[in-house]
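Let me begin by presenting the structure, written as structure tokens, before commenting on it.
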Number of protein chains: 2
Amino acid sequence: MVRVLVVDDERGLARALLRGLTAEGFAVDVAHDGEAGLDLATDNDYDAIVLDVMLPRRNGYDVVTALRERDVWTPVLMLSAKDGEHDVADGLDVGADDYLTKPFSFVVLVARLRALLRRPAQARPAVLRVGEIVLDPSTRTVTRAGVEVEMTTRELALLEYLMRHADRVVGKVELRDHVWDSSGEDLNVVEVYVGYLRRKLGRDAVRTVRGAGYRVVG
Amino acid sequence: MVRVLVVDDERGLARALLRGLTAEGFAVDVAHDGEAGLDLATDNDYDAIVLDVMLPRRNGYDVVTALRERDVWTPVLMLSAKDGEHDVADGLDVGADDYLTKPFSFVVLVARLRALLRRPAQARPAVLRVGEIVLDPSTRTVTRAGVEVEMTTRELALLEYLMRHADRVVGKVELRDHVWDSSGEDLNVVEVYVGYLRRKLGRDAVRTVRGAGYRVVG
DNA sequence: GGCACCTCTCAGCGTGCTCTCAGCCACCCG
DNA sequence: CGGGTGGCTGAGAGCACGCTGAGAGGTGCC
């Protein structure tokens with residue numbers, strides 16, 4: 001029996017999914033807000049989660065992030081009313097496995113769901129590795145050449161973002177937007193924190209690309 | 001022959017389950033209150049137990065707790081009329097193996113039951129061991145480097161949750177949600193109790209990860 | 001009733017984190 | 001070679017976070 005969790009606050013849609021997926025032979029649980037969904041998903045062993053982005057109490061991105069932090073690697077299919085490319089990227093960045101834009105056809109949803117279920121339990125080891133630096137988001141640990149390095153929250157967030165985009169140059173504005181919520185004027189914070197990272201990981205861990213941003217290399 | 005015990009005080013439902021499960025090829029016993037169910041489950045070797053939460057004389061949580069204390073590890077499928085998220089967490093925390101909310105479809109119940117039966121006799125609680133700290137949930141004892149350490153209920157619950165998620169950072173909100181029932185605002189209780197654990201187990205037994213939570217490591 | 005114990009609240013304190021600022025350095029231009 | 005822009009860093013202010021001691025309320029036992 002394949003167990004699926006549906007998290008959506010639109011009662012009509014949720015009920016339709018419940019009925020439809022049950023008819024398809026899935027065992028379906030439903031939650032109507034992010035918090036409830038997160039708890040259910042943490043405590044039960046679902047085979048897949050269908051997750052709306054816009055949710056009361058906790059949005060979809062949050063839920064996925066929290067799940068992955070709690071070491072839950074159930075594949076997630078995200079649903080969103082918006083169709084800006086950013087949403088897709090953000091969703092997948094955050095650890096969702098697939099993405100569907102509302103409105104969608106039920107047949108397509110089932111097909112995508114089956115595709116997710118077919119995949120060998122991938123996602124799993126979300127450790128980021130660049131050169132001799134390893135970052136494990138689930139344990140929040142960073143090691144350089146096998147030696148653990150303590151990181152503060154901000155430092156870790158910055159390093160994680162850089163490592164997730166290891167192959168390209170990341171602009172300071174982009175870093176400011178993603179690692180810091182504020183979108184202020186001053187980009188000096190970024191420089192300061194890059195400095196901290198270099199102090200802890202070695203001067204060459206993060207390379208400066210003048211006029212463009214930063215880059216981590218192996 | 002697979003033996004199943006059904007504990008439910010709603011006569012109609014109990015009879016329906018008896019008939020349905022028998023038709024599915026199970027050997028079914030029925031009890032109508034918690035005390036009777038507990039006795040039957042203790043004395044006989046069932047392959048699974050279907051257990052209502054709301055019961056006269058002893059509720060479902062109680063029964064599971066009592067069973068586990070008596071070293072009976074028969075898989076339990078809990079039934080509940082409520083669908084608050086907390087019930088699920090409580091049931092599973094207490095040692096149930098799966099959870100179903102009323103009303104449910106009979107087909108789903110059978111499927112879940114089969115899933116439970118398929119599982120290798122897990123549940124049995126290997127003692128938790130992290131570093132030199134050992135926690136035995138069945139005897140509720142904790143030792144550090146072989147020396148027994150007294151623990152109050154809350155302390156034990158907190159330590160157990162931390163140890164079950166050793167190596168990863170566990171957020172205070174998560175701890176509050178799982179170790180304490182309330183989902184209030186104030187997280188200070190968690191800090192206080194972490195302080196108690198440290199006093200008993202050593203300052204370094206639980207590590208603080210500022211801005212993220214706590215972590216126990218081996 | 002008195003005592004022991006557990007649980008939780010509260011307020012105060014220390015500290016580590018975050019961020020700003022100003023000055024300096026490095027690199028690229030003419 | 002000198003000026004200018006972009007980037008780096010040490011110092012330090014502010015503050016949020018986490019820790020702790022004191023104690024109140026509750027419960028169970030003698």
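Naming scheme: A, B, ... for chains in displayed order of the structure tokens; residues 1 onward per chain; ligands 1 onward as shown.
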
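Identical in sequence, chain A and chain B superpose with a Cα RMSD of 2.7 Å when all alpha carbons are matched in order.
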
Residues of chain D were defined as contacting chain B if any atom lay at most 8 Å from it, counting only C-alpha atoms (C1' of nucleotides); please report them as number ranges by chain. D: 17-19

Dump as a tab-separated table (two decimals), in the first residue's frame, selection limited to N, CA, C and O atoms (P, O5', C5', C4', C3', O3' and C1' of nucleotides):
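To be explicit, this is the file written out as part_26.tsv:
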chain	number	residue	atom	x	y	z
D	17	DC	P	16.45	35.85	18.98
D	17	DC	O5'	17.37	34.80	19.71
D	17	DC	C5'	18.71	34.65	19.27
D	17	DC	C4'	19.49	33.99	20.37
D	17	DC	C3'	18.72	32.87	21.07
D	17	DC	O3'	19.40	31.66	20.82
D	17	DC	C1'	19.81	34.31	22.64
D	18	DG	P	18.74	30.28	21.21
D	18	DG	O5'	19.49	29.99	22.58
D	18	DG	C5'	20.90	30.02	22.61
D	18	DG	C4'	21.38	30.01	24.03
D	18	DG	C3'	20.78	28.91	24.91
D	18	DG	O3'	21.87	28.27	25.55
D	18	DG	C1'	20.59	31.01	25.97
D	19	DC	P	21.65	27.08	26.58
D	19	DC	O5'	21.90	27.84	27.96
D	19	DC	C5'	23.18	28.40	28.18
D	19	DC	C4'	23.27	28.88	29.61
D	19	DC	C3'	22.81	27.86	30.65
D	19	DC	O3'	23.83	27.73	31.63
D	19	DC	C1'	21.64	29.91	30.92

Near DC27 in chain C, within 10 Å and counting only C-alpha atoms (C1' of nucleotides), which residues show up once chain neighbours fewer than 5 positions away are dropped, as a list in words? Arg210 of chain A; DT5, DG6 and DG7 of chain D

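C1' of DG28 in chain D to CA of Leu156 in chain B spans 20.1 Å [interatomic distance, one decimal].
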
Please provide the set of residues having any atom within 9 Å of DC17 in chain C, restricted to only C-alpha atoms (C1' of nucleotides), with same-chain residues fewer than 3 positions apart removed, written as a PyMOL selection string. (chain A and resi 152-154) or (chain B and resi 210) or (chain D and resi 16)

Can I get the selected residues back with N, CA and C atoms (P, O5', C5', C4', C3', O3' and C1' of nucleotides), as an mmCIF file, in the first residue's frame?
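Written out: out.cif:
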data_model
loop_
_atom_site.group_PDB
_atom_site.id
_atom_site.type_symbol
_atom_site.label_atom_id
_atom_site.label_comp_id
_atom_site.auth_asym_id
_atom_site.auth_seq_id
_atom_site.Cartn_x
_atom_site.Cartn_y
_atom_site.Cartn_z
ATOM 1 N N THR A 152 28.508 29.635 12.653
ATOM 2 C CA THR A 152 27.304 30.284 13.157
ATOM 3 C C THR A 152 26.220 30.159 12.083
ATOM 4 N N THR A 153 25.010 30.520 12.453
ATOM 5 C CA THR A 153 23.878 30.357 11.548
ATOM 6 C C THR A 153 24.099 31.096 10.225
ATOM 7 N N ARG A 154 24.491 32.357 10.337
ATOM 8 C CA ARG A 154 24.698 33.167 9.138
ATOM 9 C C ARG A 154 25.808 32.616 8.263
ATOM 10 N N ARG B 210 23.688 27.557 18.639
ATOM 11 C CA ARG B 210 23.029 28.840 18.782
ATOM 12 C C ARG B 210 22.135 29.145 17.578
ATOM 13 P P DA D 16 16.916 42.642 19.862
ATOM 14 O "O5'" DA D 16 16.724 41.115 19.464
ATOM 15 C "C5'" DA D 16 17.492 40.586 18.389
ATOM 16 C "C4'" DA D 16 18.143 39.282 18.799
ATOM 17 C "C3'" DA D 16 17.198 38.266 19.435
ATOM 18 O "O3'" DA D 16 17.419 37.029 18.794
ATOM 19 C "C1'" DA D 16 19.081 38.593 20.825
#

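With only C-alpha atoms (C1' of nucleotides) as the basis for measurement, C:DT18 is the residue among C:DT18, C:DA11, C:DG30, C:DG23 that approaches chain A most closely.
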
Please report, as a count of residues only, each residue of range 120-201 of chain B to which DSSP assigns alpha helix (DSSP H) when run on this structure's backbone. 34

Neighbouring residues of range 159-170 of chain B were defined as those with any atom within 10 Å, considering only C-alpha atoms (C1' of nucleotides); residues of the same chain fewer than 6 positions away were excluded. Please report them as a ChimeraX atom specification. /A:69-71,136-141 /B:93,128-130,133-137,140,142,151,153,178-179,193-194,197,206-209,212-218

What does the file look like for those residues with N, CA and C atoms, as a CSV table (one decimal), in the first residue's frame?
chain,number,residue,atom,x,y,z
A,69,GLU,N,15.5,19.1,7.3
A,69,GLU,CA,16.3,19.3,8.5
A,69,GLU,C,16.1,18.2,9.5
A,70,ARG,N,14.8,17.7,9.5
A,70,ARG,CA,14.5,16.6,10.5
A,70,ARG,C,14.9,15.2,9.9
A,71,ASP,N,15.6,15.3,8.8
A,71,ASP,CA,16.1,14.0,8.3
A,71,ASP,C,14.9,13.2,7.7
A,136,ASP,N,27.0,19.3,5.7
A,136,ASP,CA,25.8,18.5,5.9
A,136,ASP,C,24.7,19.3,6.5
A,137,PRO,N,23.7,19.7,5.7
A,137,PRO,CA,22.6,20.5,6.2
A,137,PRO,C,21.8,19.9,7.3
A,138,SER,N,21.7,18.6,7.3
A,138,SER,CA,20.8,17.9,8.3
A,138,SER,C,21.5,18.0,9.6
A,139,THR,N,22.8,17.9,9.7
A,139,THR,CA,23.4,17.9,11.0
A,139,THR,C,24.0,19.3,11.3
A,140,ARG,N,24.0,20.2,10.3
A,140,ARG,CA,24.5,21.5,10.3
A,140,ARG,C,26.0,21.5,10.7
A,141,THR,N,26.7,20.5,10.1
A,141,THR,CA,28.1,20.4,10.4
A,141,THR,C,28.9,20.7,9.1
B,93,ASP,N,4.3,8.3,19.8
B,93,ASP,CA,5.3,8.5,20.8
B,93,ASP,C,5.2,7.4,21.9
B,128,LEU,N,19.1,2.8,23.6
B,128,LEU,CA,19.7,3.9,22.8
B,128,LEU,C,21.1,4.2,23.4
B,129,ARG,N,22.1,4.3,22.5
B,129,ARG,CA,23.5,4.5,23.0
B,129,ARG,C,24.1,5.7,22.2
B,130,VAL,N,24.5,6.7,23.0
B,130,VAL,CA,25.2,7.8,22.3
B,130,VAL,C,26.4,8.1,23.2
B,133,ILE,N,26.7,7.5,27.1
B,133,ILE,CA,25.3,7.5,27.7
B,133,ILE,C,24.5,6.4,27.1
B,134,VAL,N,23.8,5.7,27.9
B,134,VAL,CA,22.9,4.6,27.5
B,134,VAL,C,21.6,4.8,28.1
B,135,LEU,N,20.5,4.8,27.3
B,135,LEU,CA,19.2,4.9,27.8
B,135,LEU,C,18.4,3.7,27.4
B,136,ASP,N,17.8,3.0,28.3
B,136,ASP,CA,16.9,1.9,28.1
B,136,ASP,C,15.5,2.3,28.3
B,137,PRO,N,14.7,2.5,27.2
B,137,PRO,CA,13.3,2.9,27.4
B,137,PRO,C,12.5,1.9,28.1
B,140,ARG,N,13.4,2.4,31.6
B,140,ARG,CA,13.5,3.8,32.0
B,140,ARG,C,14.7,4.1,32.8
B,142,VAL,N,18.9,5.3,32.8
B,142,VAL,CA,20.0,6.0,32.1
B,142,VAL,C,21.3,5.7,32.8
B,151,MET,N,16.6,9.9,36.7
B,151,MET,CA,16.0,10.9,35.8
B,151,MET,C,14.5,11.0,36.1
B,153,THR,N,10.6,12.1,34.8
B,153,THR,CA,9.9,11.7,33.6
B,153,THR,C,10.2,12.7,32.4
B,178,HIS,N,7.2,17.9,20.8
B,178,HIS,CA,7.2,16.4,21.0
B,178,HIS,C,7.3,16.0,22.4
B,179,VAL,N,8.1,16.7,23.2
B,179,VAL,CA,8.3,16.3,24.6
B,179,VAL,C,7.3,16.9,25.5
B,193,TYR,N,15.3,22.5,31.0
B,193,TYR,CA,15.4,21.0,31.2
B,193,TYR,C,16.7,20.6,30.5
B,194,VAL,N,17.2,21.2,29.5
B,194,VAL,CA,18.5,20.9,29.0
B,194,VAL,C,19.5,21.2,30.1
B,197,LEU,N,19.6,18.3,32.4
B,197,LEU,CA,20.3,17.1,31.8
B,197,LEU,C,21.8,17.3,31.9
B,206,VAL,N,25.0,17.6,26.1
B,206,VAL,CA,24.1,18.2,25.1
B,206,VAL,C,24.8,19.5,24.6
B,207,ARG,N,25.0,19.6,23.4
B,207,ARG,CA,25.7,20.8,22.8
B,207,ARG,C,24.6,21.8,22.3
B,208,THR,N,24.9,23.0,22.6
B,208,THR,CA,24.0,24.1,22.1
B,208,THR,C,24.5,24.5,20.7
B,209,VAL,N,23.5,24.6,19.8
B,209,VAL,CA,23.8,25.2,18.5
B,209,VAL,C,23.0,26.5,18.4
B,212,ALA,N,19.7,27.5,16.5
B,212,ALA,CA,19.2,26.3,15.8
B,212,ALA,C,18.6,25.3,16.8
B,213,GLY,N,19.3,25.1,17.9
B,213,GLY,CA,18.7,24.1,18.8
B,213,GLY,C,19.8,23.4,19.6
B,214,TYR,N,19.6,22.1,19.8
B,214,TYR,CA,20.6,21.3,20.5
B,214,TYR,C,21.0,20.0,19.8
B,215,ARG,N,22.0,19.4,20.3
B,215,ARG,CA,22.6,18.3,19.5
B,215,ARG,C,23.3,17.4,20.5
B,216,VAL,N,23.1,16.1,20.4
B,216,VAL,CA,23.9,15.2,21.2
B,216,VAL,C,24.8,14.4,20.2
B,217,VAL,N,26.0,14.2,20.6
B,217,VAL,CA,26.9,13.5,19.7
B,217,VAL,C,27.7,12.5,20.4
B,218,GLY,N,28.2,11.5,19.7
B,218,GLY,CA,28.9,10.4,20.4
B,218,GLY,C,30.3,10.7,20.6

Could you write out, as a PyMOL selection string, all the residues of chain B that DSSP marks as strand (DSSP E)? chain B and resi 3-7+27-31+48-52+76-80+98-101+128-130+133-136+141-144+147-149+207-209+213-215

Show me, as a compact mmCIF listing (two decimals) with C-alpha atoms (C1' of nucleotides), in the first residue's frame, every residue of chain C with an atom at most 10 Å from chain B, counting only C-alpha atoms (C1' of nucleotides).
# COMPACT_ATOMS: atom_id res chain seq x y z
C1' DC C 5 9.72 16.06 44.68
C1' DC C 6 8.65 17.48 40.16
C1' DT C 7 7.36 20.89 36.77
C1' DC C 8 7.32 25.14 35.06
C1' DT C 9 7.67 30.51 35.15
C1' DC C 10 10.21 34.56 35.59
C1' DG C 16 28.50 35.22 21.30
C1' DC C 17 26.48 36.80 17.04

Residues of chain A within 12 Å of chain B, using only C-alpha atoms, as a VMD selection string? chain A and resid 1 to 3 22 to 23 25 to 46 66 to 72 136 to 141 150 to 157

Write a file of the just-selected residues containing N, CA and C atoms, as a compact mmCIF listing (two decimals), in the first residue's frame.
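What landed in part33.txt:
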# COMPACT_ATOMS: atom_id res chain seq x y z
N MET A 1 0.85 -1.21 0.00
CA MET A 1 0.00 0.00 0.00
C MET A 1 0.87 1.25 0.00
N VAL A 2 0.64 2.07 -0.97
CA VAL A 2 1.43 3.30 -1.08
C VAL A 2 0.75 4.43 -0.31
N ARG A 3 1.47 5.02 0.60
CA ARG A 3 0.89 6.06 1.44
C ARG A 3 1.30 7.46 0.96
N THR A 22 -7.31 8.05 -3.78
CA THR A 22 -7.79 6.83 -3.15
C THR A 22 -8.28 5.86 -4.23
N ALA A 23 -9.02 6.42 -5.20
CA ALA A 23 -9.51 5.58 -6.30
C ALA A 23 -8.36 4.97 -7.09
N GLY A 25 -5.80 3.87 -5.81
CA GLY A 25 -5.20 2.82 -5.00
C GLY A 25 -4.19 3.30 -3.97
N PHE A 26 -4.11 4.63 -3.74
CA PHE A 26 -3.21 5.13 -2.72
C PHE A 26 -3.93 5.21 -1.38
N ALA A 27 -3.18 5.11 -0.29
CA ALA A 27 -3.72 5.42 1.03
C ALA A 27 -3.40 6.87 1.30
N VAL A 28 -4.42 7.69 1.40
CA VAL A 28 -4.23 9.13 1.44
C VAL A 28 -4.56 9.72 2.81
N ASP A 29 -3.67 10.54 3.31
CA ASP A 29 -3.96 11.37 4.47
C ASP A 29 -3.99 12.82 3.99
N VAL A 30 -4.76 13.65 4.67
CA VAL A 30 -4.88 15.04 4.27
C VAL A 30 -4.59 15.96 5.45
N ALA A 31 -3.87 17.03 5.19
CA ALA A 31 -3.69 18.09 6.18
C ALA A 31 -4.04 19.40 5.52
N HIS A 32 -4.53 20.36 6.31
CA HIS A 32 -5.01 21.61 5.72
C HIS A 32 -4.13 22.81 6.02
N ASP A 33 -3.10 22.62 6.79
CA ASP A 33 -2.14 23.72 6.95
C ASP A 33 -0.73 23.15 7.10
N GLY A 34 0.23 24.04 6.97
CA GLY A 34 1.62 23.62 6.94
C GLY A 34 2.07 22.91 8.20
N GLU A 35 1.67 23.45 9.32
CA GLU A 35 2.09 22.89 10.61
C GLU A 35 1.61 21.45 10.75
N ALA A 36 0.34 21.25 10.49
CA ALA A 36 -0.23 19.90 10.60
C ALA A 36 0.46 18.96 9.62
N GLY A 37 0.66 19.46 8.41
CA GLY A 37 1.32 18.64 7.40
C GLY A 37 2.71 18.23 7.84
N LEU A 38 3.43 19.19 8.38
CA LEU A 38 4.79 18.92 8.83
C LEU A 38 4.81 17.84 9.90
N ASP A 39 3.91 17.97 10.86
CA ASP A 39 3.86 16.99 11.94
C ASP A 39 3.53 15.60 11.43
N LEU A 40 2.51 15.54 10.58
CA LEU A 40 2.14 14.24 10.02
C LEU A 40 3.31 13.63 9.26
N ALA A 41 3.94 14.44 8.45
CA ALA A 41 5.02 13.93 7.61
C ALA A 41 6.23 13.50 8.43
N THR A 42 6.43 14.20 9.56
CA THR A 42 7.56 13.85 10.42
C THR A 42 7.33 12.51 11.10
N ASP A 43 6.10 12.30 11.51
CA ASP A 43 5.82 11.13 12.35
C ASP A 43 5.45 9.88 11.56
N ASN A 44 4.97 10.07 10.36
CA ASN A 44 4.56 8.91 9.58
C ASN A 44 5.52 8.70 8.43
N ASP A 45 5.50 7.52 7.92
CA ASP A 45 6.41 7.18 6.86
C ASP A 45 5.69 7.17 5.53
N TYR A 46 5.43 8.34 4.99
CA TYR A 46 4.73 8.39 3.71
C TYR A 46 5.68 8.03 2.58
N ALA A 66 11.98 22.24 6.73
CA ALA A 66 11.91 21.65 8.07
C ALA A 66 12.00 20.13 8.00
N LEU A 67 11.32 19.56 7.02
CA LEU A 67 11.35 18.10 6.87
C LEU A 67 12.78 17.62 6.62
N ARG A 68 13.45 18.27 5.70
CA ARG A 68 14.81 17.82 5.37
C ARG A 68 15.72 18.00 6.57
N GLU A 69 15.49 19.08 7.33
CA GLU A 69 16.29 19.29 8.53
C GLU A 69 16.05 18.17 9.53
N ARG A 70 14.83 17.66 9.53
CA ARG A 70 14.52 16.60 10.47
C ARG A 70 14.85 15.23 9.90
N ASP A 71 15.58 15.27 8.80
CA ASP A 71 16.05 14.02 8.25
C ASP A 71 14.93 13.18 7.66
N VAL A 72 13.92 13.84 7.15
CA VAL A 72 12.84 13.14 6.46
C VAL A 72 13.00 13.38 4.97
N ASP A 136 26.98 19.31 5.73
CA ASP A 136 25.82 18.45 5.88
C ASP A 136 24.68 19.27 6.50
N PRO A 137 23.72 19.66 5.68
CA PRO A 137 22.64 20.53 6.18
C PRO A 137 21.83 19.89 7.30
N SER A 138 21.70 18.58 7.27
CA SER A 138 20.84 17.94 8.26
C SER A 138 21.47 17.97 9.65
N THR A 139 22.76 17.87 9.73
CA THR A 139 23.40 17.95 11.04
C THR A 139 24.00 19.32 11.28
N ARG A 140 23.95 20.17 10.26
CA ARG A 140 24.51 21.51 10.34
C ARG A 140 25.99 21.49 10.66
N THR A 141 26.67 20.53 10.10
CA THR A 141 28.11 20.45 10.36
C THR A 141 28.90 20.72 9.10
N GLU A 150 33.38 24.79 13.38
CA GLU A 150 32.16 25.40 13.94
C GLU A 150 31.69 26.55 13.06
N MET A 151 30.38 26.63 12.88
CA MET A 151 29.83 27.71 12.06
C MET A 151 28.63 28.34 12.76
N THR A 152 28.51 29.63 12.65
CA THR A 152 27.30 30.28 13.16
C THR A 152 26.22 30.16 12.08
N THR A 153 25.01 30.52 12.45
CA THR A 153 23.88 30.36 11.55
C THR A 153 24.10 31.10 10.23
N ARG A 154 24.49 32.36 10.34
CA ARG A 154 24.70 33.17 9.14
C ARG A 154 25.81 32.62 8.26
N GLU A 155 26.89 32.28 8.89
CA GLU A 155 28.02 31.74 8.15
C GLU A 155 27.60 30.49 7.39
N LEU A 156 26.87 29.63 8.09
CA LEU A 156 26.43 28.39 7.48
C LEU A 156 25.51 28.65 6.30
N ALA A 157 24.59 29.58 6.47
CA ALA A 157 23.66 29.89 5.39
C ALA A 157 24.41 30.40 4.17

Env of Val190 in chain B: 8 Å cut, atoms = only C-alpha atoms (C1' of nucleotides), seq-sep filter 4 positions within chain, self excluded. Answer as number ranges by chain. B: 172, 175-176, 194

Give me, as a list in words, all polymer residues having an atom no more than 8 Å from Ala96 in chain B, counting only C-alpha atoms (C1' of nucleotides) and skipping those fewer than 6 positions away in the same chain. Val64, Pro75, Val76, Leu77 and Met78 of chain B

Would you mind exporting the chosen residues as an mmCIF file, in the first residue's frame, restricted to C-alpha atoms?
data_model
loop_
_atom_site.group_PDB
_atom_site.id
_atom_site.type_symbol
_atom_site.label_atom_id
_atom_site.label_comp_id
_atom_site.auth_asym_id
_atom_site.auth_seq_id
_atom_site.Cartn_x
_atom_site.Cartn_y
_atom_site.Cartn_z
ATOM 1 C CA VAL B 64 0.023 0.628 24.824
ATOM 2 C CA PRO B 75 2.402 -4.147 16.716
ATOM 3 C CA VAL B 76 -0.484 -1.797 17.499
ATOM 4 C CA LEU B 77 -2.731 0.039 15.060
ATOM 5 C CA MET B 78 -4.480 2.882 16.869
#

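Across the structure, C1' of DG2 in chain C and C1' of DC30 in chain D are spaced 9.0 Å apart.
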